[in-house]
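Step one of this worksheet: look at the structure below.
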Number of protein chains: 2
Amino acid sequence: MTVSRSTRDKLLDATLRVLAEQGIAKTSARTVAASAGVNQALVFYHFGTVEEMLAAACEQGARQRIEAHRGALSEVATLSDLVDVARRIHEEERAAGYVALLGQLLAGAASHPALAAATASGLRLWVAEVETVLTRLLAATVLGDLVDAPGLARAVSASFVGLELYEGVDPEAAQQAFGALDRLAAVVALLSDLGPLETRALRRKLRQV
Amino acid sequence: MTVSRSTRDKLLDATLRVLAEQGIAKTSARTVAASAGVNQALVFYHFGTVEEMLAAACEQGARQRIEAHRGALSEVATLSDLVDVARRIHEEERAAGYVALLGQLLAGAASHPALAAATASGLRLWVAEVETVLTRLLAATVLGDLVDAPGLARAVSASFVGLELYEGVDPEAAQQAFGALDRLAAVVALLSDLGPLETRALRRKLRQV
DNA sequence: GTCTATAACTAGATAGAC
DNA sequence: GTCTATCTAGTTATAGAC
């Protein structure tokens with residue numbers, strides 16, 4: 001559609017790029033403008049402050065990434081499907097650095113209140129997506145009425161960010177962590193696939209909680 | 001023992017304080033020195049660079065915090081004990097901001113390679129602790145030979161950091177997440193407490209993995 | 001070990017020409 | 001909308017007095 005993007009868009013893209021590649025500490029009006037190939041003063045013309053630019057980039061970035069994965073997520077039918085999809089999303093996001101970027105913003109939010117709000121709402125977009133899938137899947141299993149899907153969606157999303165940040169400093173350990181989660185999810189997936197007899201027995205037991 | 005701490009120690013403590021309270025972006029030789037009540041030039045006399053000071057503070061901080069919790073962790077006997085202890089550790093760490101601090105360093109590591117190494121080794125201290133407890137507990141349950149305790153310890157540690165960062169921008173959502181995990185852990189704890197008949201049936205089923 | 005002073009640089013932000 | 005120029009303030013780091 002648009003052959004030449006607007007300066008505003010170029011700046012938003014560059015913000016995400018610099019944030020992912022160099023971290024929040026090295027993200028400034030100057031570095032972003034340089035990466036976008038535009039003049040530094042335009043940051044302030046278009047966004048007023050650097051903080052506002054970061055906030056705008058955060059929301060746009062989250063929206064873009066979720067859009068890219070929504071299709072795959074909506075087709076998830078079983079817990080083992082979910083594991084496969086999660087692994088694929090992880091691979092893509094690791095390459096792009098977009099989730100670690102959320103970590104950068106989460107960290108930056110400590111000193112910039114306006115950024116906290118934007119990051120929280122960016123994360124909320126992920127949470128909503130995860131929550132939809134989780135609710136749908138859990139409803140069909142023994143665990144359906146035992147776990148708190150909305151809360152779990154938040155836990156999973158935050159954990160994912162932590163794991164992607166971990167990947168940045170210790171890739172091997174992070175891989176091991178993802179491997180263990182894969183395996184754990186496979187066990188849980190199997191639990192949801194018990195025969196009717198075992199299911200009833202387990203349900204009786206779990207009712208105590 | 002030491003009535004008046006050395007300048008070096010004052011700087012390390014101040015580094016952790018500023019990092020927890022203001023984030024990596026606001027942590028500089030000047031802010032740390034001011035918080036420690038010493039001259040700014042002493043940062044460079046004692047540590048050479050700001051980055052080295054951050055690295056030293058990271059390792060010392062991780063060591064201190066783990067020391068503070070080791071007793072409670074070693075007394076954990078069951079999975080539900082672990083849930084209680086984890087909740088208590090979370091409350092304390094949230095108040096002190098020390099885990100979120102690890103998140104700050106993880107984020108800062110993106111632009112400072114030396115910091116990445118220090119953060120990774122600081123996290124390794126937590127991982128080792130979690131791994132010990134997890135291995136001990138899981139050995140006694142159905143899950144013992146099904147899950148990868150070392151990998152899981154890494155996943156749990158990284159997730160914890162993500163959750164503490166989350167707490168900084170959306171405390172309510174983070175609380176919800178912790179609540180869901182509590183509940184989930186209770187379910188798993190119950191699984192480890194099945195009668196011999198159910199245990200055998202479940203084990204047979206899970207053997208397929 | 002600790003201080004002052006300062007060099008060299010980078011940051012956010014604005015004024016004003018075009 | 002975009003540019004140059006500039007102001008102010010904060011940054012790491014060092015030299016040299018004490």
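Ordered as shown in the structure tokens, chains take letters A, B, and onward, while each chain numbers its residues from 1 and ligands are numbered from 1 in the order shown.
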Could you build a table of the residues in chain D lying no more than 12 Å from chain A, giving for each the nearest pair of atoms and their separation in Å rounded to one decimal place, using only C-alpha atoms (C1' of nucleotides), ordered by chain and ascending residue number, as a tab-separated table?
residue	atom	partner	partner_atom	distance
D:DG1	C1'	A:Leu42	CA	8.6
D:DT2	C1'	A:Leu42	CA	7.4
D:DC3	C1'	A:Asn39	CA	7.7
D:DT4	C1'	A:Ala41	CA	10.0
D:DA5	C1'	A:Ala41	CA	11.3
Pick out the chain C residues within 12 Å of chain B. Count only C-alpha atoms (C1' of nucleotides). Give them as a PyMOL selection string.
-> chain C and resi 1-5+11
Neighbours of chain B in chain A at 8 Å, counting only C-alpha atoms, as number ranges by chain = A: 21-26, 103-104, 106-111, 116-117, 119-120, 146-155, 158-163, 165-166, 168-170, 173-174, 176-181, 183-184, 186-187, 190-191, 194, 198, 201-202, 205-206, 209
May I have the selected residues written with C-alpha atoms, as a tab-separated table (two decimals), in the first residue's frame?
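Below is the file part-v1.tsv, written as the result:
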chain	number	residue	atom	x	y	z
A	21	GLU	CA	19.49	-4.86	19.50
A	22	GLN	CA	21.04	-2.53	22.06
A	23	GLY	CA	18.73	-2.42	25.05
A	24	ILE	CA	16.95	0.39	26.87
A	25	ALA	CA	20.19	1.89	28.16
A	26	LYS	CA	21.42	2.65	24.65
A	103	GLY	CA	11.74	-7.01	29.18
A	104	GLN	CA	13.78	-3.93	28.30
A	106	LEU	CA	9.64	-3.46	31.83
A	107	ALA	CA	13.05	-2.58	33.22
A	108	GLY	CA	12.92	0.96	31.85
A	109	ALA	CA	9.51	1.44	33.42
A	110	ALA	CA	11.20	1.56	36.83
A	111	SER	CA	12.41	5.07	36.07
A	116	ALA	CA	5.03	1.51	32.91
A	117	ALA	CA	1.50	2.15	31.71
A	119	THR	CA	4.28	-1.68	28.90
A	120	ALA	CA	1.48	-2.95	31.08
A	146	LEU	CA	-9.31	-26.36	39.17
A	147	VAL	CA	-7.01	-23.77	37.65
A	148	ASP	CA	-7.49	-20.04	37.27
A	149	ALA	CA	-7.05	-19.50	33.53
A	150	PRO	CA	-6.86	-15.67	33.62
A	151	GLY	CA	-4.26	-15.75	36.37
A	152	LEU	CA	-2.36	-18.49	34.64
A	153	ALA	CA	-2.33	-16.50	31.40
A	154	ARG	CA	-0.67	-13.63	33.26
A	155	ALA	CA	1.84	-15.98	34.85
A	158	ALA	CA	5.37	-12.78	32.49
A	159	SER	CA	7.37	-15.99	32.64
A	160	PHE	CA	7.90	-15.87	28.92
A	161	VAL	CA	9.38	-12.40	29.20
A	162	GLY	CA	11.67	-13.57	31.99
A	163	LEU	CA	12.79	-16.53	29.93
A	165	LEU	CA	15.61	-12.03	29.02
A	166	TYR	CA	17.40	-15.07	30.42
A	168	GLY	CA	20.08	-12.95	26.43
A	169	VAL	CA	22.61	-13.70	29.17
A	170	ASP	CA	22.69	-17.51	29.22
A	173	ALA	CA	20.46	-22.43	30.35
A	174	ALA	CA	17.41	-20.85	28.75
A	176	GLN	CA	17.39	-26.15	29.02
A	177	ALA	CA	14.54	-24.33	30.72
A	178	PHE	CA	12.41	-24.41	27.59
A	179	GLY	CA	13.18	-28.09	27.16
A	180	ALA	CA	12.00	-28.88	30.67
A	181	LEU	CA	8.80	-26.91	30.11
A	183	ARG	CA	8.50	-32.02	28.68
A	184	LEU	CA	6.33	-30.90	31.56
A	186	ALA	CA	3.72	-33.10	27.47
A	187	VAL	CA	3.03	-34.78	30.81
A	190	LEU	CA	-1.24	-36.65	28.70
A	191	LEU	CA	-3.14	-36.05	31.92
A	194	LEU	CA	-6.83	-40.10	30.43
A	198	GLU	CA	-8.91	-42.66	35.54
A	201	ALA	CA	-10.80	-41.18	39.98
A	202	LEU	CA	-8.48	-38.21	39.54
A	205	LYS	CA	-9.18	-36.83	44.36
A	206	LEU	CA	-8.61	-33.32	43.06
A	209	VAL	CA	-8.47	-28.69	46.63
Name the residues in contact with DT8 in chain D at a cut-off of 12 Å, using only C-alpha atoms (C1' of nucleotides), excluding same-chain residues fewer than 5 positions from it; report them as a list in words.
->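 The residues satisfying every condition are DA11, DG12, DA13 and DT14 of chain C.
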Export, as a PDB file, in the first residue's frame, the selected residues with N, CA and C atoms (P, O5', C5', C4', C3', O3' and C1' of nucleotides).
ATOM      1  P    DA C  11      23.570   9.384  23.238  1.00  0.00           P
ATOM      2  O5'  DA C  11      22.610  10.209  24.203  1.00  0.00           O
ATOM      3  C5'  DA C  11      22.446   9.770  25.536  1.00  0.00           C
ATOM      4  C4'  DA C  11      21.542  10.705  26.329  1.00  0.00           C
ATOM      5  C3'  DA C  11      20.390  11.325  25.535  1.00  0.00           C
ATOM      6  O3'  DA C  11      19.228  10.541  25.742  1.00  0.00           O
ATOM      7  C1'  DA C  11      21.598  13.031  26.707  1.00  0.00           C
ATOM      8  P    DG C  12      17.906  10.895  24.939  1.00  0.00           P
ATOM      9  O5'  DG C  12      17.439  12.265  25.612  1.00  0.00           O
ATOM     10  C5'  DG C  12      16.952  12.246  26.940  1.00  0.00           C
ATOM     11  C4'  DG C  12      16.409  13.619  27.301  1.00  0.00           C
ATOM     12  C3'  DG C  12      15.168  14.022  26.510  1.00  0.00           C
ATOM     13  O3'  DG C  12      14.244  14.673  27.365  1.00  0.00           O
ATOM     14  C1'  DG C  12      16.909  15.598  26.137  1.00  0.00           C
ATOM     15  P    DA C  13      12.781  15.011  26.763  1.00  0.00           P
ATOM     16  O5'  DA C  13      13.013  16.473  26.196  1.00  0.00           O
ATOM     17  C5'  DA C  13      13.477  17.481  27.102  1.00  0.00           C
ATOM     18  C4'  DA C  13      13.804  18.724  26.310  1.00  0.00           C
ATOM     19  C3'  DA C  13      12.704  19.183  25.344  1.00  0.00           C
ATOM     20  O3'  DA C  13      12.141  20.374  25.849  1.00  0.00           O
ATOM     21  C1'  DA C  13      14.899  19.408  24.432  1.00  0.00           C
ATOM     22  P    DT C  14      10.907  21.066  25.079  1.00  0.00           P
ATOM     23  O5'  DT C  14      11.638  22.241  24.279  1.00  0.00           O
ATOM     24  C5'  DT C  14      12.496  23.107  25.012  1.00  0.00           C
ATOM     25  C4'  DT C  14      13.119  24.125  24.080  1.00  0.00           C
ATOM     26  C3'  DT C  14      12.155  24.805  23.098  1.00  0.00           C
ATOM     27  O3'  DT C  14      12.388  26.200  23.158  1.00  0.00           O
ATOM     28  C1'  DT C  14      14.038  23.994  21.954  1.00  0.00           C
TER      29       DT C  14
END
In Å, how far is it from C1' of DA15 in chain C to CA of Val18 in chain A?
->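 Between C1' of DA15 in chain C and CA of Val18 in chain A the gap is 28.6 Å.
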Tell me which protein, DNA and RNA residues are within 7 Å of Val32 in chain B, counting only C-alpha atoms (C1' of nucleotides), leaving out same-chain ones fewer than 2 positions away, and put them as a count of residues only.
-> 11
From the DSSP assignment of the backbone, select every residue of range 7-145 of chain B that is helix (DSSP H, G or I), and format the answer as a PyMOL selection string.
-> chain B and resi 7-22+24-26+29-36+41-47+50-74+79-96+98-108+113-139
Could you save the residues just selected, with C-alpha atoms, as a compact mmCIF listing (two decimals), in the first residue's frame?
# COMPACT_ATOMS: atom_id res chain seq x y z
CA THR B 7 33.71 2.62 51.27
CA ARG B 8 33.71 -0.31 48.87
CA ASP B 9 30.91 -2.00 50.80
CA LYS B 10 28.95 1.23 51.07
CA LEU B 11 29.15 1.56 47.29
CA LEU B 12 28.01 -2.01 46.71
CA ASP B 13 25.03 -1.58 49.03
CA ALA B 14 24.16 1.73 47.42
CA THR B 15 24.36 0.15 43.97
CA LEU B 16 21.76 -2.44 44.92
CA ARG B 17 19.61 0.25 46.54
CA VAL B 18 19.64 2.60 43.54
CA LEU B 19 19.15 -0.28 41.11
CA ALA B 20 16.10 -1.52 43.03
CA GLU B 21 14.60 1.90 43.59
CA GLN B 22 15.34 3.70 40.35
CA ILE B 24 19.27 0.55 35.56
CA ALA B 25 18.61 3.69 33.52
CA LYS B 26 19.10 5.95 36.53
CA ALA B 29 28.48 6.58 39.27
CA ARG B 30 27.03 9.83 40.56
CA THR B 31 23.66 8.54 41.79
CA VAL B 32 25.27 5.56 43.49
CA ALA B 33 28.00 7.64 45.12
CA ALA B 34 25.40 10.13 46.33
CA SER B 35 23.30 7.33 47.82
CA ALA B 36 26.38 5.91 49.50
CA ALA B 41 35.53 9.50 41.90
CA LEU B 42 35.75 6.64 44.40
CA VAL B 43 33.60 4.51 42.15
CA PHE B 44 36.43 4.46 39.66
CA TYR B 45 39.12 4.09 42.28
CA HIS B 46 37.46 0.99 43.75
CA PHE B 47 35.92 -0.64 40.68
CA VAL B 50 30.60 1.54 36.54
CA GLU B 51 29.98 -1.73 34.77
CA GLU B 52 32.39 -3.56 37.07
CA MET B 53 30.66 -2.08 40.08
CA LEU B 54 27.32 -3.32 38.81
CA ALA B 55 28.75 -6.77 38.24
CA ALA B 56 30.25 -6.92 41.73
CA ALA B 57 27.01 -5.72 43.30
CA CYS B 58 25.05 -8.30 41.37
CA GLU B 59 27.05 -11.23 42.65
CA GLN B 60 27.14 -9.92 46.21
CA GLY B 61 23.42 -9.19 46.15
CA ALA B 62 22.48 -12.63 44.85
CA ARG B 63 24.70 -14.26 47.45
CA GLN B 64 23.14 -12.22 50.27
CA ARG B 65 19.56 -12.90 49.27
CA ILE B 66 20.07 -16.61 48.83
CA GLU B 67 21.82 -16.79 52.16
CA ALA B 68 18.75 -15.17 53.69
CA HIS B 69 16.44 -17.83 52.28
CA ARG B 70 18.60 -20.94 52.38
CA GLY B 71 17.36 -22.00 55.80
CA ALA B 72 13.70 -21.90 54.81
CA LEU B 73 14.40 -23.72 51.54
CA SER B 74 16.33 -26.54 53.15
CA LEU B 79 5.45 -29.61 47.45
CA SER B 80 2.90 -27.66 49.46
CA ASP B 81 5.67 -26.57 51.81
CA LEU B 82 7.47 -25.31 48.75
CA VAL B 83 4.45 -23.27 47.70
CA ASP B 84 4.28 -21.64 51.12
CA VAL B 85 8.00 -20.89 51.17
CA ALA B 86 7.91 -19.53 47.62
CA ARG B 87 5.09 -17.22 48.54
CA ARG B 88 6.99 -15.96 51.55
CA ILE B 89 10.16 -15.43 49.54
CA HIS B 90 8.16 -13.56 46.95
CA GLU B 91 6.69 -11.23 49.58
CA GLU B 92 10.11 -10.43 51.01
CA GLU B 93 11.81 -10.00 47.66
CA ARG B 94 9.01 -7.85 46.34
CA ALA B 95 9.41 -5.52 49.31
CA ALA B 96 13.18 -5.38 48.90
CA TYR B 98 15.97 -7.57 44.81
CA VAL B 99 14.54 -9.90 42.21
CA ALA B 100 13.28 -7.07 40.05
CA LEU B 101 16.85 -5.82 40.38
CA LEU B 102 18.01 -8.97 38.64
CA GLY B 103 15.58 -8.04 35.88
CA GLN B 104 17.17 -4.60 35.68
CA LEU B 105 20.60 -6.18 35.27
CA LEU B 106 19.30 -8.69 32.75
CA ALA B 107 18.03 -5.75 30.72
CA GLY B 108 21.22 -3.78 31.18
CA PRO B 113 28.62 -7.79 27.85
CA ALA B 114 30.54 -7.91 31.14
CA LEU B 115 27.26 -7.41 32.95
CA ALA B 116 25.75 -10.36 31.13
CA ALA B 117 28.33 -12.70 32.61
CA ALA B 118 27.83 -11.38 36.14
CA THR B 119 24.05 -11.57 35.87
CA ALA B 120 24.19 -15.08 34.48
CA SER B 121 26.33 -16.21 37.39
CA GLY B 122 24.12 -14.39 39.88
CA LEU B 123 21.13 -16.19 38.46
CA ARG B 124 23.04 -19.45 38.58
CA LEU B 125 23.21 -19.10 42.35
CA TRP B 126 19.41 -18.98 42.51
CA VAL B 127 19.09 -21.82 40.04
CA ALA B 128 21.39 -24.05 42.10
CA GLU B 129 19.28 -23.45 45.19
CA VAL B 130 16.00 -24.12 43.44
CA GLU B 131 17.43 -27.16 41.73
CA THR B 132 18.48 -28.75 45.02
CA VAL B 133 15.02 -28.41 46.51
CA LEU B 134 13.23 -29.44 43.35
CA THR B 135 15.34 -32.54 42.84
CA ARG B 136 14.82 -33.62 46.42
CA LEU B 137 11.06 -33.12 46.29
CA LEU B 138 10.37 -34.55 42.87
CA ALA B 139 12.31 -37.73 43.58
If you count only C-alpha atoms (C1' of nucleotides), which residues fall within 12 Å of DA7 in chain C, apart from same-chain ones fewer than 6 positions away, as a PDB file with all heavy atoms, in the first residue's frame?
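Result went into result_10.pdb, see below:
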ATOM      1  P    DT D  12      27.934   7.216  34.774  1.00  0.00           P
ATOM      2  OP1  DT D  12      27.410   5.862  35.007  1.00  0.00           O
ATOM      3  OP2  DT D  12      28.172   8.129  35.905  1.00  0.00           O
ATOM      4  O5'  DT D  12      29.288   7.119  33.935  1.00  0.00           O
ATOM      5  C5'  DT D  12      29.311   6.383  32.708  1.00  0.00           C
ATOM      6  C4'  DT D  12      30.663   6.564  32.052  1.00  0.00           C
ATOM      7  O4'  DT D  12      30.954   7.977  31.930  1.00  0.00           O
ATOM      8  C3'  DT D  12      31.820   5.956  32.840  1.00  0.00           C
ATOM      9  O3'  DT D  12      32.642   5.215  31.944  1.00  0.00           O
ATOM     10  C2'  DT D  12      32.556   7.160  33.426  1.00  0.00           C
ATOM     11  C1'  DT D  12      32.264   8.244  32.391  1.00  0.00           C
ATOM     12  N1   DT D  12      32.267   9.633  32.947  1.00  0.00           N
ATOM     13  C2   DT D  12      33.149  10.566  32.442  1.00  0.00           C
ATOM     14  O2   DT D  12      33.951  10.320  31.551  1.00  0.00           O
ATOM     15  N3   DT D  12      33.063  11.823  33.019  1.00  0.00           N
ATOM     16  C4   DT D  12      32.205  12.206  34.023  1.00  0.00           C
ATOM     17  O4   DT D  12      32.234  13.355  34.456  1.00  0.00           O
ATOM     18  C5   DT D  12      31.307  11.174  34.502  1.00  0.00           C
ATOM     19  C7   DT D  12      30.335  11.495  35.591  1.00  0.00           C
ATOM     20  C6   DT D  12      31.373   9.956  33.957  1.00  0.00           C
ATOM     21  P    DA D  13      33.791   4.253  32.556  1.00  0.00           P
ATOM     22  OP1  DA D  13      34.162   3.298  31.490  1.00  0.00           O
ATOM     23  OP2  DA D  13      33.376   3.754  33.882  1.00  0.00           O
ATOM     24  O5'  DA D  13      35.000   5.261  32.744  1.00  0.00           O
ATOM     25  C5'  DA D  13      35.460   5.982  31.597  1.00  0.00           C
ATOM     26  C4'  DA D  13      36.448   7.050  32.025  1.00  0.00           C
ATOM     27  O4'  DA D  13      35.756   8.111  32.696  1.00  0.00           O
ATOM     28  C3'  DA D  13      37.511   6.580  33.024  1.00  0.00           C
ATOM     29  O3'  DA D  13      38.747   6.505  32.314  1.00  0.00           O
ATOM     30  C2'  DA D  13      37.528   7.659  34.107  1.00  0.00           C
ATOM     31  C1'  DA D  13      36.710   8.775  33.489  1.00  0.00           C
ATOM     32  N9   DA D  13      35.968   9.591  34.449  1.00  0.00           N
ATOM     33  C8   DA D  13      34.962   9.197  35.282  1.00  0.00           C
ATOM     34  N7   DA D  13      34.484  10.170  36.037  1.00  0.00           N
ATOM     35  C5   DA D  13      35.231  11.276  35.670  1.00  0.00           C
ATOM     36  C6   DA D  13      35.215  12.614  36.096  1.00  0.00           C
ATOM     37  N6   DA D  13      34.390  13.079  37.034  1.00  0.00           N
ATOM     38  N1   DA D  13      36.103  13.479  35.517  1.00  0.00           N
ATOM     39  C2   DA D  13      36.930  13.005  34.572  1.00  0.00           C
ATOM     40  N3   DA D  13      37.031  11.765  34.079  1.00  0.00           N
ATOM     41  C4   DA D  13      36.146  10.945  34.680  1.00  0.00           C
ATOM     42  P    DT D  14      40.066   6.007  33.048  1.00  0.00           P
ATOM     43  OP1  DT D  14      40.852   5.309  32.022  1.00  0.00           O
ATOM     44  OP2  DT D  14      39.740   5.348  34.335  1.00  0.00           O
ATOM     45  O5'  DT D  14      40.802   7.389  33.355  1.00  0.00           O
ATOM     46  C5'  DT D  14      40.885   8.354  32.305  1.00  0.00           C
ATOM     47  C4'  DT D  14      41.530   9.629  32.809  1.00  0.00           C
ATOM     48  O4'  DT D  14      40.581  10.375  33.609  1.00  0.00           O
ATOM     49  C3'  DT D  14      42.764   9.430  33.687  1.00  0.00           C
ATOM     50  O3'  DT D  14      43.782  10.305  33.223  1.00  0.00           O
ATOM     51  C2'  DT D  14      42.280   9.805  35.091  1.00  0.00           C
ATOM     52  C1'  DT D  14      41.240  10.874  34.758  1.00  0.00           C
ATOM     53  N1   DT D  14      40.205  11.096  35.803  1.00  0.00           N
ATOM     54  C2   DT D  14      39.955  12.376  36.220  1.00  0.00           C
ATOM     55  O2   DT D  14      40.529  13.355  35.782  1.00  0.00           O
ATOM     56  N3   DT D  14      38.975  12.479  37.181  1.00  0.00           N
ATOM     57  C4   DT D  14      38.256  11.440  37.741  1.00  0.00           C
ATOM     58  O4   DT D  14      37.406  11.662  38.603  1.00  0.00           O
ATOM     59  C5   DT D  14      38.582  10.121  37.255  1.00  0.00           C
ATOM     60  C7   DT D  14      37.858   8.927  37.808  1.00  0.00           C
ATOM     61  C6   DT D  14      39.526  10.001  36.321  1.00  0.00           C
ATOM     62  P    DA D  15      45.278  10.058  33.734  1.00  0.00           P
ATOM     63  OP1  DA D  15      46.060   9.711  32.542  1.00  0.00           O
ATOM     64  OP2  DA D  15      45.307   9.189  34.926  1.00  0.00           O
ATOM     65  O5'  DA D  15      45.692  11.530  34.228  1.00  0.00           O
ATOM     66  C5'  DA D  15      44.962  12.664  33.737  1.00  0.00           C
ATOM     67  C4'  DA D  15      45.385  13.907  34.520  1.00  0.00           C
ATOM     68  O4'  DA D  15      44.382  14.199  35.524  1.00  0.00           O
ATOM     69  C3'  DA D  15      46.701  13.782  35.285  1.00  0.00           C
ATOM     70  O3'  DA D  15      47.329  15.063  35.307  1.00  0.00           O
ATOM     71  C2'  DA D  15      46.253  13.322  36.661  1.00  0.00           C
ATOM     72  C1'  DA D  15      44.933  14.060  36.825  1.00  0.00           C
ATOM     73  N9   DA D  15      43.934  13.351  37.632  1.00  0.00           N
ATOM     74  C8   DA D  15      43.708  12.001  37.691  1.00  0.00           C
ATOM     75  N7   DA D  15      42.728  11.664  38.506  1.00  0.00           N
ATOM     76  C5   DA D  15      42.288  12.875  39.006  1.00  0.00           C
ATOM     77  C6   DA D  15      41.262  13.204  39.917  1.00  0.00           C
ATOM     78  N6   DA D  15      40.483  12.309  40.503  1.00  0.00           N
ATOM     79  N1   DA D  15      41.071  14.518  40.206  1.00  0.00           N
ATOM     80  C2   DA D  15      41.861  15.429  39.609  1.00  0.00           C
ATOM     81  N3   DA D  15      42.851  15.244  38.734  1.00  0.00           N
ATOM     82  C4   DA D  15      43.003  13.929  38.474  1.00  0.00           C
TER      83       DA D  15
END
Point-to-point distance in Å for CA of Ala77 in chain A and CA of Arg200 in chain B =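 Spanning CA of Arg200 in chain B to CA of Ala77 in chain A is a straight-line distance of 29.0 Å.
Here CA of Val142 in chain A is placed at a distance of 16.2 Å from CA of Ser192 in chain B.
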